[in-house]
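Raw final_3.txt, compact mmCIF, C-alpha atoms:
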# COMPACT_ATOMS: atom_id res chain seq x y z
CA MET Z 1304 0.00 0.00 0.00
CA MET Z 1305 2.86 2.39 0.75
CA LYS Z 1306 4.29 1.82 -2.73
CA ILE Z 1307 0.93 2.65 -4.35
CA ALA Z 1308 0.56 5.74 -2.17
CA LEU Z 1309 4.01 6.90 -3.26
CA GLN Z 1310 3.00 6.39 -6.87
CA CYS Z 1311 -0.04 8.60 -6.36
CA ILE Z 1312 2.08 11.37 -4.86
CA LEU Z 1313 4.53 11.18 -7.75
CA VAL Z 1314 1.71 11.30 -10.30
CA LEU Z 1315 0.35 14.49 -8.74
CA THR Z 1316 3.69 16.24 -8.24
CA LEU Z 1317 5.80 15.09 -11.18
CA GLY Z 1318 3.27 14.37 -13.90
CA ALA Z 1319 4.18 17.34 -16.05
CA SER Z 1320 7.91 16.71 -15.99
CA GLY Z 1321 8.18 13.04 -17.04
CA TRP Z 1322 11.26 11.53 -18.62
CA GLY Z 1323 12.71 11.91 -22.05
CA PRO Z 1324 12.27 9.21 -24.71
CA GLN Z 1325 13.80 5.90 -23.69
CA ARG Z 1326 14.12 2.71 -25.68
CA PRO Z 1327 12.10 -0.07 -24.01
CA ALA Z 1328 13.96 -3.07 -22.67
CA PRO Z 1329 13.19 -6.43 -24.30
CA LEU Z 1330 10.88 -8.70 -22.33
CA PRO Z 1331 11.82 -12.30 -21.53
CA ALA Z 1332 10.77 -14.95 -24.05
CA LEU Z 1333 7.51 -16.80 -23.39
CA LYS Z 1334 6.29 -20.35 -23.94
CA HIS Z 1335 2.63 -19.32 -24.15
CA PRO Z 1336 0.74 -16.65 -26.13
CA VAL Z 1337 -0.15 -15.03 -22.80
CA ALA Z 1338 2.41 -15.08 -19.98
CA VAL Z 1339 1.67 -17.68 -17.30
CA ILE Z 1340 2.93 -16.20 -14.03
CA ALA Z 1341 3.09 -18.57 -11.07
CA HIS Z 1342 2.46 -16.38 -8.01
CA ARG Z 1343 5.18 -17.19 -5.46
CA GLY Z 1344 5.81 -20.24 -7.62
CA GLY Z 1345 2.16 -21.36 -7.53
CA ALA Z 1346 1.18 -20.86 -3.91
CA SER Z 1347 -1.80 -23.20 -4.01
CA LEU Z 1348 0.24 -26.08 -5.40
CA ALA Z 1349 3.41 -25.98 -3.24
CA PRO Z 1350 4.84 -23.94 -0.36
CA GLU Z 1351 5.19 -20.36 -1.54
CA ASN Z 1352 8.59 -18.88 -2.37
CA THR Z 1353 10.38 -22.23 -2.13
CA LEU Z 1354 12.53 -24.17 -4.56
CA ALA Z 1355 9.91 -26.93 -4.49
CA ALA Z 1356 7.33 -24.48 -5.83
CA PHE Z 1357 9.69 -23.19 -8.52
CA ARG Z 1358 10.59 -26.68 -9.69
CA ASN Z 1359 6.89 -27.53 -9.91
CA ALA Z 1360 6.21 -24.38 -11.93
CA ILE Z 1361 9.05 -25.31 -14.27
CA ARG Z 1362 7.59 -28.81 -14.65
CA LEU Z 1363 4.17 -27.36 -15.49
CA GLY Z 1364 5.64 -25.01 -18.10
CA ALA Z 1365 5.03 -21.61 -16.48
CA ASP Z 1366 6.58 -18.57 -18.15
CA TYR Z 1367 7.44 -16.77 -14.88
CA VAL Z 1368 7.66 -17.48 -11.20
CA GLU Z 1369 6.94 -14.47 -9.02
CA VAL Z 1370 9.32 -14.15 -6.05
CA ASP Z 1371 9.54 -11.79 -3.08
CA VAL Z 1372 13.02 -10.62 -2.04
CA ARG Z 1373 13.96 -9.42 1.45
CA THR Z 1374 17.18 -8.75 3.35
CA THR Z 1375 18.28 -10.53 6.51
CA ARG Z 1376 19.96 -8.92 9.51
CA ASP Z 1377 23.38 -9.82 8.12
CA GLY Z 1378 22.67 -8.57 4.62
CA ALA Z 1379 21.72 -11.77 2.77
CA LEU Z 1380 18.90 -11.83 0.20
CA VAL Z 1381 16.20 -14.42 0.90
CA LEU Z 1382 12.69 -15.09 -0.36
CA MET Z 1383 9.79 -14.20 1.93
CA HIS Z 1384 6.59 -12.34 1.12
CA ASP Z 1385 5.75 -11.17 4.63
CA SER Z 1386 8.05 -9.03 6.73
CA ARG Z 1387 7.84 -11.80 9.35
CA VAL Z 1388 8.50 -15.53 8.96
CA ASP Z 1389 5.61 -16.62 11.19
CA ARG Z 1390 2.93 -17.42 8.59
CA THR Z 1391 4.94 -19.67 6.27
CA THR Z 1392 7.53 -21.28 8.55
CA ASP Z 1393 7.78 -22.97 11.94
CA GLY Z 1394 9.63 -19.93 13.33
CA ALA Z 1395 8.85 -16.38 14.37
CA GLY Z 1396 10.33 -12.94 13.94
CA GLU Z 1397 11.11 -10.23 11.43
CA VAL Z 1398 13.25 -11.18 8.45
CA ARG Z 1399 15.30 -8.03 9.08
CA SER Z 1400 16.00 -9.13 12.67
CA LEU Z 1401 17.09 -12.70 11.80
CA SER Z 1402 20.43 -13.83 10.41
CA LEU Z 1403 20.68 -15.99 7.32
CA GLU Z 1404 21.76 -18.93 9.48
CA GLU Z 1405 18.69 -18.51 11.71
CA ILE Z 1406 16.35 -18.31 8.73
CA ARG Z 1407 17.95 -21.34 7.07
CA ARG Z 1408 17.12 -23.45 10.13
CA LEU Z 1409 13.38 -22.81 9.63
CA ASP Z 1410 11.03 -25.26 7.96
CA ALA Z 1411 9.27 -23.46 5.09
CA GLY Z 1412 7.23 -26.43 3.91
CA VAL Z 1413 5.58 -28.14 6.86
CA ARG Z 1414 2.83 -25.54 7.29
CA PHE Z 1415 1.73 -26.15 3.69
CA HIS Z 1416 1.75 -29.97 3.89
CA HIS Z 1417 3.75 -32.55 5.78
CA ARG Z 1418 5.16 -33.98 2.54
CA PHE Z 1419 7.10 -30.71 2.14
CA SER Z 1420 8.57 -30.97 5.61
CA GLY Z 1421 12.21 -29.87 5.60
CA GLU Z 1422 11.85 -27.39 2.72
CA ARG Z 1423 14.01 -24.37 3.49
CA VAL Z 1424 13.71 -20.64 2.86
CA PRO Z 1425 15.83 -20.17 -0.26
CA THR Z 1426 18.32 -17.44 -0.90
CA PHE Z 1427 17.86 -15.26 -3.96
CA ALA Z 1428 21.06 -16.74 -5.39
CA GLU Z 1429 19.71 -20.30 -5.07
CA THR Z 1430 16.51 -19.23 -6.78
CA LEU Z 1431 18.38 -17.70 -9.70
CA GLU Z 1432 20.45 -20.86 -10.06
CA VAL Z 1433 17.37 -23.11 -10.17
CA CYS Z 1434 15.46 -20.87 -12.59
CA ARG Z 1435 18.23 -19.89 -15.00
CA GLY Z 1436 17.44 -21.11 -18.49
CA ARG Z 1437 14.24 -22.80 -17.25
CA VAL Z 1438 11.75 -20.12 -16.22
CA ASN Z 1439 11.69 -16.33 -16.05
CA LEU Z 1440 11.62 -14.41 -12.77
CA TYR Z 1441 9.11 -11.73 -11.82
CA VAL Z 1442 11.09 -10.15 -8.99
CA ASP Z 1443 9.02 -8.31 -6.38
CA VAL Z 1444 11.58 -6.33 -4.40
CA LYS Z 1445 10.02 -6.13 -0.94
CA ASP Z 1446 13.02 -4.98 1.11
CA ALA Z 1447 16.36 -5.01 -0.68
CA ALA Z 1448 18.81 -2.58 -2.26
CA VAL Z 1449 18.65 -2.15 -6.02
CA SER Z 1450 22.43 -2.55 -6.29
CA GLN Z 1451 22.46 -5.86 -4.42
CA VAL Z 1452 19.56 -7.41 -6.32
CA LEU Z 1453 21.06 -6.31 -9.62
CA ALA Z 1454 24.47 -7.71 -8.70
CA GLU Z 1455 22.96 -11.16 -8.01
CA ILE Z 1456 21.01 -11.10 -11.28
CA ARG Z 1457 24.15 -10.20 -13.20
CA ALA Z 1458 26.28 -12.78 -11.39
CA HIS Z 1459 23.88 -15.52 -12.52
CA GLY Z 1460 23.49 -14.29 -16.11
CA MET Z 1461 19.76 -13.70 -15.67
CA GLU Z 1462 19.43 -10.15 -17.02
CA ARG Z 1463 17.34 -11.35 -19.98
CA GLN Z 1464 15.13 -13.55 -17.81
CA VAL Z 1465 13.80 -11.07 -15.27
CA ILE Z 1466 11.26 -8.33 -14.86
CA ILE Z 1467 11.30 -6.07 -11.80
CA TYR Z 1468 8.30 -5.01 -9.72
CA ASP Z 1469 8.72 -2.23 -7.14
CA GLY Z 1470 7.56 1.26 -6.29
CA VAL Z 1471 7.90 4.14 -8.76
CA GLU Z 1472 10.90 5.78 -7.09
CA GLU Z 1473 12.78 2.47 -6.91
CA LEU Z 1474 11.94 1.58 -10.52
CA ARG Z 1475 13.26 4.95 -11.67
CA GLU Z 1476 16.53 3.91 -10.01
CA TRP Z 1477 16.41 0.56 -11.84
CA LYS Z 1478 15.97 2.42 -15.12
CA ARG Z 1479 18.94 4.63 -14.28
CA VAL Z 1480 21.38 1.81 -13.45
CA ALA Z 1481 20.03 -1.00 -15.65
CA PRO Z 1482 17.90 0.42 -18.50
CA HIS Z 1483 18.16 -2.92 -20.33
CA ILE Z 1484 16.08 -4.68 -17.63
CA PRO Z 1485 12.29 -4.32 -17.96
CA VAL Z 1486 10.28 -2.86 -15.09
CA MET Z 1487 6.66 -3.27 -14.06
CA PRO Z 1488 4.85 -0.83 -11.74
CA SER Z 1489 1.23 -0.86 -10.62
CA PRO Z 1490 -0.43 2.29 -11.98
CA PRO Z 1491 -2.18 4.41 -9.31
CA ARG Z 1492 -5.90 5.15 -9.15
CA GLU Z 1493 -5.44 8.32 -11.23
CA ALA Z 1494 -4.35 6.17 -14.18
CA ARG Z 1495 -7.82 4.66 -14.45
CA LYS Z 1496 -9.17 7.89 -15.96
CA PRO Z 1497 -9.07 8.39 -19.75
CA GLY Z 1498 -5.52 9.32 -20.66
CA GLY Z 1499 -4.27 8.29 -17.22
CA ILE Z 1500 -2.07 5.46 -18.48
CA LEU Z 1501 -0.23 7.79 -20.84
CA ASN Z 1502 0.26 10.38 -18.09
CA PHE Z 1503 1.67 7.71 -15.77
CA LEU Z 1504 4.09 6.48 -18.41
CA LYS Z 1505 5.51 10.01 -18.66
CA ILE Z 1506 6.64 9.61 -15.05
CA LEU Z 1507 7.97 6.08 -15.42
CA PRO Z 1508 8.56 4.63 -18.89
CA ALA Z 1509 7.73 0.99 -18.16
CA GLU Z 1510 7.64 -2.11 -20.31
CA VAL Z 1511 4.74 -3.71 -18.42
CA LEU Z 1512 1.96 -2.50 -16.13
CA ASP Z 1513 0.62 -4.60 -13.27
CA GLY Z 1514 -2.45 -4.62 -11.03
CA ASN Z 1515 -5.32 -6.81 -9.93
CA LEU Z 1516 -7.77 -7.71 -12.67
CA VAL Z 1517 -10.56 -5.79 -10.91
CA GLN Z 1518 -8.54 -2.57 -11.32
CA TRP Z 1519 -8.39 -2.89 -15.11
CA THR Z 1520 -10.84 -2.28 -17.94
CA LYS Z 1521 -10.51 -3.18 -21.59
CA GLU Z 1522 -10.21 0.52 -22.37
CA MET Z 1523 -7.20 0.79 -20.04
CA VAL Z 1524 -5.60 -2.28 -21.59
CA ASP Z 1525 -6.13 -0.81 -25.05
CA GLU Z 1526 -4.58 2.49 -23.92
CA ALA Z 1527 -1.52 0.67 -22.58
CA HIS Z 1528 -1.16 -1.28 -25.82
CA ALA Z 1529 -1.44 1.91 -27.87
CA ALA Z 1530 1.53 3.20 -25.87
CA GLY Z 1531 3.50 0.04 -26.63
CA VAL Z 1532 3.22 -1.33 -23.09
CA LYS Z 1533 2.13 -4.82 -21.99
CA VAL Z 1534 -0.36 -5.55 -19.21
CA TYR Z 1535 0.18 -8.38 -16.71
CA VAL Z 1536 -2.79 -8.69 -14.35
CA ASP Z 1537 -3.13 -10.46 -11.01
CA ASN Z 1538 -6.06 -12.86 -11.01
CA LEU Z 1539 -5.45 -13.55 -7.34
CA GLY Z 1540 -8.47 -13.86 -5.06
CA LEU Z 1541 -12.00 -14.07 -6.46
CA ASN Z 1542 -10.89 -14.29 -10.10
CA ASP Z 1543 -8.28 -17.03 -9.67
CA HIS Z 1544 -10.19 -19.66 -11.64
CA PRO Z 1545 -10.89 -20.53 -15.30
CA ALA Z 1546 -13.81 -18.10 -15.67
CA GLY Z 1547 -11.63 -15.31 -14.29
CA PHE Z 1548 -8.80 -16.26 -16.64
CA ARG Z 1549 -11.19 -16.09 -19.60
CA ARG Z 1550 -12.40 -12.68 -18.48
CA ALA Z 1551 -8.81 -11.41 -18.41
CA LEU Z 1552 -8.07 -12.95 -21.82
CA GLU Z 1553 -11.10 -11.30 -23.39
CA MET Z 1554 -9.82 -7.96 -22.09
CA GLY Z 1555 -6.68 -8.59 -24.13
CA VAL Z 1556 -4.12 -8.79 -21.31
CA ASP Z 1557 -0.61 -10.05 -22.03
CA GLY Z 1558 0.00 -12.00 -18.82
CA ILE Z 1559 -1.90 -13.45 -15.86
CA GLN Z 1560 -0.55 -14.04 -12.36
CA THR Z 1561 -2.18 -16.95 -10.54
CA ASP Z 1562 -1.78 -19.36 -7.67
CA TYR Z 1563 -2.95 -22.08 -10.11
CA PRO Z 1564 -0.64 -22.02 -13.14
CA ASP Z 1565 -1.80 -25.52 -14.08
CA ARG Z 1566 -5.40 -24.31 -14.49
CA LEU Z 1567 -4.35 -21.27 -16.52
CA ILE Z 1568 -2.26 -23.41 -18.85
CA ALA Z 1569 -5.26 -25.70 -19.36
CA VAL Z 1570 -7.44 -22.70 -20.29
CA LEU Z 1571 -4.83 -21.47 -22.77
CA LYS Z 1572 -4.85 -24.90 -24.39
CA GLU Z 1573 -8.62 -24.95 -24.86
CA ARG Z 1574 -9.47 -25.15 -28.52
CA GLU Z 1575 -12.55 -22.98 -28.13
CA TRP Z 1576 -10.61 -19.99 -26.78
CA ARG Z 1577 -9.41 -17.52 -29.37
CA PRO Z 1578 -7.94 -14.05 -28.88
CA ALA Z 1579 -10.43 -11.23 -29.36
CA PRO Z 1580 -10.17 -9.83 -32.91
CA LYS Z 1581 -8.23 -6.61 -33.20
CA PRO Z 1582 -10.22 -3.56 -34.36

Will you turn the file into structure tokens for me?
Amino acid sequence: MMKIALQCILVLTLGASGWGPQRPAPLPALKHPVAVIAHRGGASLAPENTLAAFRNAIRLGADYVEVDVRTTRDGALVLMHDSRVDRTTDGAGEVRSLSLEEIRRLDAGVRFHHRFSGERVPTFAETLEVCRGRVNLYVDVKDAAVSQVLAEIRAHGMERQVIIYDGVEELREWKRVAPHIPVMPSPPREARKPGGILNFLKILPAEVLDGNLVQWTKEMVDEAHAAGVKVYVDNLGLNDHPAGFRRALEMGVDGIQTDYPDRLIAVLKEREWRPAPKP
């Protein structure tokens, strides 16, 4: 919520200034006509943000796994959506207050199902190693320095297999230090008005725009496409099912984030589904 609030402030205060023309960064290659994005690796199929989830997403044929990156007390990058470890592990405490060694002792699988008992919280480096050449990464930078995340991506040769999600200010920094890496912000409420997408892109030239499906209309998707920008929606929650996927597809989106990548892939394979004809 703080990131979205910051975006709103920037839209109001910087909208007229924008950036100069900038060549868009190439997006990672896809296996499907619409990007299949496994949220936290497919959080309904395996323990979220774990190597087990990522390997399952790779097996299913997902285009991206979405991962959440945070920093430990001693400066290591690990995967954890929440600021605390309590919900997904057998431990307790803030990620920022725990050392890497302490976090590595936690069981990140047993709360999901006993068959995943012993699954550990992975480091960002381990995740890059598992995913390299197999699946793209949608990197949600929760609490980590741009320079450190970028250094790990470069060290593993993953610059062409990632897209970065963060707040507007942070993504402007990404564009300054790594313009060849695509970025993906969530447009603020003001962008839902006619012309709002174009105004937002003056502040942050982005390759992709994000947001929950309920925040998007076909008119907004069309406006983004007219500007040469893709739209990856979150179908999480009430629309995370085949009917919701079809709704998103009929709006013309370019990617769908889901906890059920297997179900989305099945919908994309349906013979009866065809892309909406272009005007």

Listing only residues of range 1443-1486 of chain Z within 9 Å of range 1380-1404 of chain Z, what is the closest atom pair and its distance in Å (to one decimal) for each, using all atoms listed in the file, sorted by chain and residue number ascending, as JSON lines?
{"residue": "Z:Asp1443", "atom": "CA", "partner": "Z:His1384", "partner_atom": "CA", "distance": 8.9}
{"residue": "Z:Lys1445", "atom": "CA", "partner": "Z:His1384", "partner_atom": "CA", "distance": 7.4}
{"residue": "Z:Asp1446", "atom": "CA", "partner": "Z:Ser1386", "partner_atom": "CA", "distance": 8.5}
{"residue": "Z:Ala1447", "atom": "CA", "partner": "Z:Leu1380", "partner_atom": "CA", "distance": 7.3}
{"residue": "Z:Gln1451", "atom": "CA", "partner": "Z:Leu1380", "partner_atom": "CA", "distance": 8.3}
{"residue": "Z:Val1452", "atom": "CA", "partner": "Z:Leu1380", "partner_atom": "CA", "distance": 7.9}

Based on the selection just made, write C-alpha atoms of those residues as a PDB file, keeping the file's coordinate frame.
ATOM      1  CA  ASP Z1443       9.020  -8.310  -6.380  1.00  0.00           C
ATOM      2  CA  LYS Z1445      10.020  -6.130  -0.940  1.00  0.00           C
ATOM      3  CA  ASP Z1446      13.020  -4.980   1.110  1.00  0.00           C
ATOM      4  CA  ALA Z1447      16.360  -5.010  -0.680  1.00  0.00           C
ATOM      5  CA  GLN Z1451      22.460  -5.860  -4.420  1.00  0.00           C
ATOM      6  CA  VAL Z1452      19.560  -7.410  -6.320  1.00  0.00           C
TER       7      VAL Z1452
END

Considering all atoms listed in the file, return as a PyMOL selection string whatever protein or nucleic-acid residues lie within 12 Å of Gly1540 in chain Z, sequence-local ones (same chain, fewer than 5 positions apart) excluded. chain Z and resi 1342+1346-1347+1515-1517+1547-1548+1560-1563

Can you build me a table of range 1437-1539 of chain Z residues sitting at most 6 Å from range 1327-1341 of chain Z, with the closest atom pair per residue and its distance in Å to one decimal, using all atoms listed in the file, sorted by chain and residue number, as a Markdown table?
| residue | atom | partner | partner_atom | distance |
| --- | --- | --- | --- | --- |
| Z:Arg1463 | CA | Z:Pro1331 | CA | 5.8 |
| Z:Gln1464 | CA | Z:Pro1331 | CA | 5.1 |
| Z:His1483 | CA | Z:Ala1328 | CA | 4.8 |
| Z:Ile1484 | CA | Z:Ala1328 | CA | 5.7 |
| Z:Pro1485 | CA | Z:Ala1328 | CA | 5.2 |

Shell around range 1496-1499 of chain Z at 10 Å using only C-alpha atoms, local window under 5 positions removed, as an MDAnalysis selection string: chainID Z and resid 1314 1490:1491 1504 1522:1523 1526:1527

Identify which of the residues Z:Leu1453, Z:Val1370, Z:Leu1440, Z:Val1471 lies closest to Asn1352 in chain Z, counting all atoms listed in the file when measuring atom-to-atom distances. Z:Val1370

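Counting from CA of Leu1571 in chain Z, the distance to CA of Leu1552 in chain Z is 9.2 Å.
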
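Between CA of Ala1356 in chain Z and CA of Gly1344 in chain Z the separation is 4.8 Å.
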
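Minimum distance to Asp1565 in chain Z across Z:Ile1406, Z:Ala1379, Z:Ala1509, Z:Ile1361 (counting only C-alpha atoms) occurs at Z:Ile1361.
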
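Each of Z:Val1524, Z:Met1487, Z:Gly1531, Z:Pro1425 was checked against Leu1512 in chain Z using all atoms listed in the file; the smallest atom-to-atom distance is that of Z:Met1487.
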
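One distance worth recording is that between CA of Leu1348 in chain Z and CA of Phe1415 in chain Z, which is 9.2 Å.
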